[in-house]
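Engineer: Okay, here's the structure, questions in a sec.
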Amino acid sequence: MTLVLQGIVSGLLFGGVYSLMAVGLTLIFGVMRVVNFAHGDMMVWGMYLAYVLATRAGVDPYVSFLVCAGALFALGLAVQRGLVDRIVDAPHEMQILLMLGVALVLENVALLAFGPEPTRVRSPLASATLWLGPVFVDVARLVTFLVAVALTTALWAFLFRTDLGRTIRAAADNTYGALVIGTDVRRVYAVAFGVGAACVGAAGALVSPILPFQPPTGLSLSVASFNIVIIGGMGSLLGAFVGGLLVSLAESLGAVFLKPSLKELFSFSLLIVILVFRPAGLFGRRSA
Amino acid sequence: MSLLEARGLSRSFGGLQAVAGLDLTVGRGEMLGLIGPNGAGKTTVFNLLAGFLVPDAGEILLDGRSIVGLAPHAICRLGLARTFQIVRPFRRMTVLENVRVGALARHPRASEALARARDVVAKVGLGPRERVPAGALTLADRKRLELARALATGPALLLLDEVMAGLNPTEIETIIGLVRSIHESGVSILLIEHNMRAVMALSQRIVVLSFGERIAEGAPVDIANHPKVVEAYLGEEYVRAAPA
Amino acid sequence: MRWALAGGVVALLALPAVLSSYALTLFILIFFYGFLGQAWNIVGGYAGQLSAGHAAFVGVGGYTATMLSIELGLTPWVGMLVGGALAALLGAIIGYLGFRFGLRGFYFVLLTVAFAEICRVAVSNIDALGGPLGLYITFTGDPRQFQFQDGRVYYYIALALMLVATLTAWAIERRRFGVYLAAIREDEAAAEALGVNAFKYKMLAMVVSSFLTGLGGTFYAFYLFSLQPNTLFGIPLSVEIIIRPIVGGAGTLLGPILGSFILTPLAEVSRLYLGQGGHHGAHLIAYGVLLIAVVLFLPEGAYPRLRRALARRAGETR
């Protein structure tokens, strides 16, 4: 029983990161109807960046996550401006192939640069634990959760309380209308993509002390993101947030009852079930 | 027995009742006009008849046979073809290839279908532009292509959705002539139109829809001055102003 | 054009007489990946349903034939067909789930990837199938076991496979099946309104494609004498399968072949020069960049562009 409780707590805490990751993906999709197939691979780059900063500059990932967010923001901006922007009017297959190409490049450059061995970032918080009643909690996980939630809240504030944020939401809601009123839609797209990437940059850094990672991890993270976003509803921020917690919980409980190597099997099967029964998810609207 | 009979047709979307208990018949060889203000539910009726939407209630009989719940491709093969309000050409195919897709419904052999397609293309006046990719056509030609494609499937009943929309007066006159000649060749037609000149010129009978219900039906001349029609299009105040 | 093609085929038939054994291997790979690419082309190019999990069919085909050979002593010549049939069954399941439930574009891609990964993880965890280390085939050199001493036999088999797939695609292209697939690819709803049963034709394309791909699995297994789940079901193989037709021209008859002739030598070269130290990531980076470049600058692929350029030249010389 404690094992189950433990699973629930760990799952919920890890969910903060999943939520942040999913919110980034759903933002990109909601604004430009682009599915970022490279989402997981971008997050892995966030992780490696945190790793480099930790080992070369001695910066703790719980501080460097801001830098990682910034770097990934720049990457997202570059990808959008340089690549995605050019095929806005092209058929959807083209956009899928493009992002697949980006994913391939990101994953394999990481492979070339860092090798295939799994790594983890050392953080002084990583070994500390707390007791919360019958369950123990990694301090690292707790901090990760709190920071992730803080970031998601900040993002929410940005989107709902600032002018630029409102413009982004307007463009997501009705691109044509936004164009008509003079919105610089290309700029909005670039910012949205950048912010979406920044989310996983931060998420990657935050999770680097608690999750061992290697370049192929990108795919499983992408799949997890898609799972969450499809459950929660493509384009729905609230859906992504809630979905992140739910999926993390499900995976965590799954790990309690199943062999670890079957965890991937579980995720992919879940994805198929969701795909077949989805249509709009919990909160989202039908799209694409 | 009429060619098409719809009874008690209803369809709602969320809270909006788009079509409410509609009865509609199209006789063999008839040209029926379907008019009504924007949002009256006309295209929804087409989508219901052609199988793109499933009705919440009601029956649709094509040649005495129920077609409710059949897929669009099955309904097409039973003899009901439709065009789309916003034309949907197969852009990367040529005019001829586009029409061939339709012709294959009746002529499964690719070579026969091509021959039939050629005939239909000539009939609608696109002969000289047979080999032009559909994406490069003008709007008026795309409308003709849409018509030709549907015609190539050899329908008994053709549903035309605002085929005149977006055309200039000269083009409209040409299309009117084309629709008339299609009708004269034996195809029954149900047309949705906003262009009153076209509707009045072509229709033998007109059905008027407003808020998903039939509010009037009759010969063109009777419909033009029908108080309910005036009210639906222009509002109450104009009813009294209409000539008796 | 037909004469050029016929001449090309004859040349390919005669080639082994003059090729070194290394060049022979290169051509075998060109034909084999050309074959897989053409098989994919039927559903991914002609029908426009992007599948990024075709490796699953290679895996199912290969493992089936291998297990039948090891456990029942069944000759792979027959095992190949059984493998193809099972792959076709998997294709039918994926197709049904995808097409019946309206999964298009990105959703369909995800579905195919999910199935491929499930197969990969499942097979890795089943010891009877060799687990993560996979299966090995003992060398006997017996033709009845689909093993040949002479590399040239593999050459002709691979060439035959590529020709079979191409003839299948050609047969589809010129009949109603092909015209309907093209219509579905352009605008499925409009096609439905013209009497095209989109579900049926997409399913057919999927089944044909997966059957052919499954056949390839047997060749792969018996040519390399080993199978590992990560290789046979993995995403890198799926990428290898789709990149050639995409670069060469998806939905065209010669696109996958042209793509293979262009990319396979390049991949081998990069493997030689950059593959030092086991970093085979390098050629995948090249693939990623190529994919991006094709989408941005040559979306229909090399072959249509080439054909237009040649037609223009022919027009000028008149």
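For the structure tokens, the naming scheme is as follows: chains receive sequential letters (A, B, ...) according to their order of presentation, residues are indexed from 1 within each chain, and ligands are indexed from 1 in presentation order.
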Can you list, as a ChimeraX atom specification, every protein, DNA or RNA residue that comes within 12 Å of Asp119 in chain B when you count only C-alpha atoms, leaving out same-chain residues fewer than 3 positions away?
Structural biologist: /B:96,99-100,103,112-116,122-127,130,148-149,151-152
Engineer: Write the selection just made, keeping C-alpha atoms, as an mmCIF file, in the first residue's frame?
Structural biologist:
```cif
data_model
loop_
_atom_site.group_PDB
_atom_site.id
_atom_site.type_symbol
_atom_site.label_atom_id
_atom_site.label_comp_id
_atom_site.auth_asym_id
_atom_site.auth_seq_id
_atom_site.Cartn_x
_atom_site.Cartn_y
_atom_site.Cartn_z
ATOM 1 C CA LEU B 96 -9.310 15.778 -67.676
ATOM 2 C CA VAL B 99 -13.200 14.539 -64.347
ATOM 3 C CA ARG B 100 -11.895 11.016 -64.883
ATOM 4 C CA ALA B 103 -16.182 8.967 -64.541
ATOM 5 C CA GLU B 112 -13.242 4.027 -70.825
ATOM 6 C CA ALA B 113 -13.394 6.490 -67.973
ATOM 7 C CA LEU B 114 -10.957 8.735 -69.800
ATOM 8 C CA ALA B 115 -13.118 8.713 -72.918
ATOM 9 C CA ARG B 116 -16.257 9.516 -70.966
ATOM 10 C CA ALA B 122 -16.194 19.081 -73.844
ATOM 11 C CA LYS B 123 -19.824 19.366 -72.845
ATOM 12 C CA VAL B 124 -19.092 21.906 -70.115
ATOM 13 C CA GLY B 125 -16.881 23.900 -72.426
ATOM 14 C CA LEU B 126 -13.519 23.088 -70.893
ATOM 15 C CA GLY B 127 -12.294 21.131 -73.937
ATOM 16 C CA GLU B 130 -8.236 19.695 -70.888
ATOM 17 C CA ALA B 148 -18.177 18.331 -64.847
ATOM 18 C CA ARG B 149 -16.706 16.066 -62.213
ATOM 19 C CA LEU B 151 -21.739 15.062 -63.878
ATOM 20 C CA ALA B 152 -19.217 12.424 -64.919
#
```
Engineer: Can you list, as a PyMOL selection string, every residue of range 49-229 of chain B that DSSP puts in alpha helix (DSSP H)?
Structural biologist: chain B and resi 49+72-77+95-103+110-123+139-152+169-184+196-202+220-224+227-229
Engineer: Hey, what does DSSP flag as strand (DSSP E or B) within range 53-276 of chain A? Can you give it to me as a tab-separated table (two decimals) with N, CA and C atoms, in the first residue's frame?
Structural biologist:
```
chain	number	residue	atom	x	y	z
A	119	THR	N	23.51	9.84	-18.92
A	119	THR	CA	24.16	10.74	-17.95
A	119	THR	C	23.13	11.26	-16.99
A	129	THR	N	16.51	13.70	1.08
A	129	THR	CA	15.11	13.26	1.07
A	129	THR	C	14.39	13.78	2.30
A	130	LEU	N	13.08	13.87	2.15
A	130	LEU	CA	12.22	14.30	3.25
A	130	LEU	C	11.24	13.19	3.55
A	131	TRP	N	10.76	13.15	4.74
A	131	TRP	CA	9.67	12.21	5.03
A	131	TRP	C	8.38	12.99	5.16
A	132	LEU	N	7.39	12.56	4.37
A	132	LEU	CA	6.09	13.20	4.42
A	132	LEU	C	5.11	12.10	4.86
A	135	VAL	N	5.46	8.33	3.31
A	135	VAL	CA	6.23	8.27	2.07
A	135	VAL	C	7.43	9.19	2.15
A	136	PHE	N	8.47	8.81	1.41
A	136	PHE	CA	9.60	9.74	1.38
A	136	PHE	C	9.62	10.46	0.03
A	137	VAL	N	10.11	11.64	0.10
A	137	VAL	CA	10.09	12.51	-1.07
A	137	VAL	C	11.50	12.99	-1.36
A	138	ASP	N	11.90	12.85	-2.62
A	138	ASP	CA	13.18	13.43	-3.03
A	138	ASP	C	13.05	14.93	-2.94
A	213	PHE	N	19.54	10.49	-18.65
A	213	PHE	CA	19.13	10.75	-20.02
A	213	PHE	C	20.24	10.44	-21.01
```
Engineer: Name the residues in contact with range 113-117 of chain A at a cut-off of 7 Å, using only C-alpha atoms, excluding same-chain residues fewer than 4 positions from it; report them as a list in words.
Structural biologist: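 In the requested form, the answer reads Val109, Gln214 and Pro215 of chain A.
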Engineer: Taking only C-alpha atoms into account, find every residue of chain C that has an atom no more than 6 Å from chain B, and write it out as a ChimeraX atom specification.
Structural biologist: /C:175-176,186,192-197
Engineer: How far is it from CA of Thr138 in chain B to CA of Glu173 in chain B, in Å with one decimal?
Structural biologist: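 Straight-line distance from CA of Thr138 in chain B to CA of Glu173 in chain B works out to 16.5 Å.
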Engineer: Taking only C-alpha atoms into account, which residues of chain C are within 9 Å of chain A, as an MDAnalysis selection string?
Structural biologist: chainID C and resid 48:50 97:98 100:111 113:115 117:119 121:122 125 279:296 299
Engineer: Near Leu53 in chain B, counting only C-alpha atoms, which residues have an atom at most 9 Å away, once you skip same-chain residues fewer than 6 positions from it, shown as a list in words?
Structural biologist: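 Final neighbour list, sorted by chain and number: Arg11, Thr44, Val45, Phe46, Asn47 and Gly69 of chain B.
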Engineer: Would you pick out the contacts of Ile70 in chain C at 12 Å or less, using only C-alpha atoms, so that residues sharing its chain but fewer than 4 positions from it are not included, and give the list as a PDB file with N, CA and C atoms, in the first residue's frame?
Structural biologist:
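Final output, part00.pdb:
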```
ATOM      1  N   TYR C  63      11.455 -11.766 -38.569  1.00  0.00           N
ATOM      2  CA  TYR C  63      11.382 -12.653 -37.415  1.00  0.00           C
ATOM      3  C   TYR C  63      10.542 -13.891 -37.710  1.00  0.00           C
ATOM      4  N   THR C  64       9.430 -13.696 -38.432  1.00  0.00           N
ATOM      5  CA  THR C  64       8.567 -14.837 -38.754  1.00  0.00           C
ATOM      6  C   THR C  64       9.321 -15.880 -39.559  1.00  0.00           C
ATOM      7  N   ALA C  65       9.929 -15.439 -40.642  1.00  0.00           N
ATOM      8  CA  ALA C  65      10.638 -16.396 -41.494  1.00  0.00           C
ATOM      9  C   ALA C  65      11.772 -17.063 -40.732  1.00  0.00           C
ATOM     10  N   THR C  66      12.485 -16.280 -39.930  1.00  0.00           N
ATOM     11  CA  THR C  66      13.614 -16.839 -39.182  1.00  0.00           C
ATOM     12  C   THR C  66      13.149 -17.867 -38.159  1.00  0.00           C
ATOM     13  N   LEU C  74      11.267 -24.741 -41.717  1.00  0.00           N
ATOM     14  CA  LEU C  74      10.562 -24.329 -42.930  1.00  0.00           C
ATOM     15  C   LEU C  74      11.475 -23.469 -43.802  1.00  0.00           C
ATOM     16  N   THR C  75      11.527 -23.796 -45.082  1.00  0.00           N
ATOM     17  CA  THR C  75      12.400 -23.032 -45.960  1.00  0.00           C
ATOM     18  C   THR C  75      11.972 -21.577 -46.010  1.00  0.00           C
ATOM     19  N   PRO C  76      12.947 -20.674 -45.924  1.00  0.00           N
ATOM     20  CA  PRO C  76      12.611 -19.253 -45.926  1.00  0.00           C
ATOM     21  C   PRO C  76      11.893 -18.806 -47.192  1.00  0.00           C
ATOM     22  N   GLY C  79       8.715 -19.254 -45.890  1.00  0.00           N
ATOM     23  CA  GLY C  79       8.626 -18.418 -44.702  1.00  0.00           C
ATOM     24  C   GLY C  79       8.475 -16.941 -45.054  1.00  0.00           C
ATOM     25  N   ALA C 128      12.004 -16.079 -26.058  1.00  0.00           N
ATOM     26  CA  ALA C 128      11.834 -17.072 -27.119  1.00  0.00           C
ATOM     27  C   ALA C 128      12.201 -16.506 -28.480  1.00  0.00           C
ATOM     28  N   LEU C 129      12.110 -15.173 -28.587  1.00  0.00           N
ATOM     29  CA  LEU C 129      12.470 -14.552 -29.862  1.00  0.00           C
ATOM     30  C   LEU C 129      13.890 -13.998 -29.813  1.00  0.00           C
ATOM     31  N   GLY C 130      14.621 -14.380 -28.781  1.00  0.00           N
ATOM     32  CA  GLY C 130      16.006 -13.953 -28.734  1.00  0.00           C
ATOM     33  C   GLY C 130      16.255 -12.747 -27.855  1.00  0.00           C
ATOM     34  N   LEU C 135      18.409 -12.822 -32.784  1.00  0.00           N
ATOM     35  CA  LEU C 135      18.597 -14.177 -33.289  1.00  0.00           C
ATOM     36  C   LEU C 135      19.766 -14.220 -34.257  1.00  0.00           C
ATOM     37  N   TYR C 136      20.389 -15.382 -34.304  1.00  0.00           N
ATOM     38  CA  TYR C 136      21.466 -15.567 -35.277  1.00  0.00           C
ATOM     39  C   TYR C 136      21.155 -16.752 -36.164  1.00  0.00           C
ATOM     40  N   ILE C 137      21.545 -16.613 -37.417  1.00  0.00           N
ATOM     41  CA  ILE C 137      21.282 -17.688 -38.365  1.00  0.00           C
ATOM     42  C   ILE C 137      22.602 -18.337 -38.706  1.00  0.00           C
ATOM     43  N   THR C 138      22.648 -19.652 -38.550  1.00  0.00           N
ATOM     44  CA  THR C 138      23.910 -20.349 -38.853  1.00  0.00           C
ATOM     45  C   THR C 138      24.117 -20.433 -40.347  1.00  0.00           C
ATOM     46  N   GLN C 145      17.838 -22.828 -47.858  1.00  0.00           N
ATOM     47  CA  GLN C 145      17.720 -22.040 -46.641  1.00  0.00           C
ATOM     48  C   GLN C 145      17.881 -20.563 -46.945  1.00  0.00           C
ATOM     49  N   PHE C 222      18.174 -12.904 -43.760  1.00  0.00           N
ATOM     50  CA  PHE C 222      19.017 -13.963 -44.302  1.00  0.00           C
ATOM     51  C   PHE C 222      20.221 -13.433 -45.051  1.00  0.00           C
TER      52      PHE C 222
END
```
Engineer: Give me the residues near Ala250 in chain A as a list in words, where near means some atom within 10 Å (using only C-alpha atoms) and where sequence neighbours in that chain fewer than 3 positions away do not count.
Structural biologist: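 My reading of the contact set: Gly7, Ile8, Gly11, Leu12, Gly15, Gly244, Leu245, Leu246, Val247, Leu253, Gly254, Ala255, Val256, Phe266, Ser267 and Leu270 of chain A.
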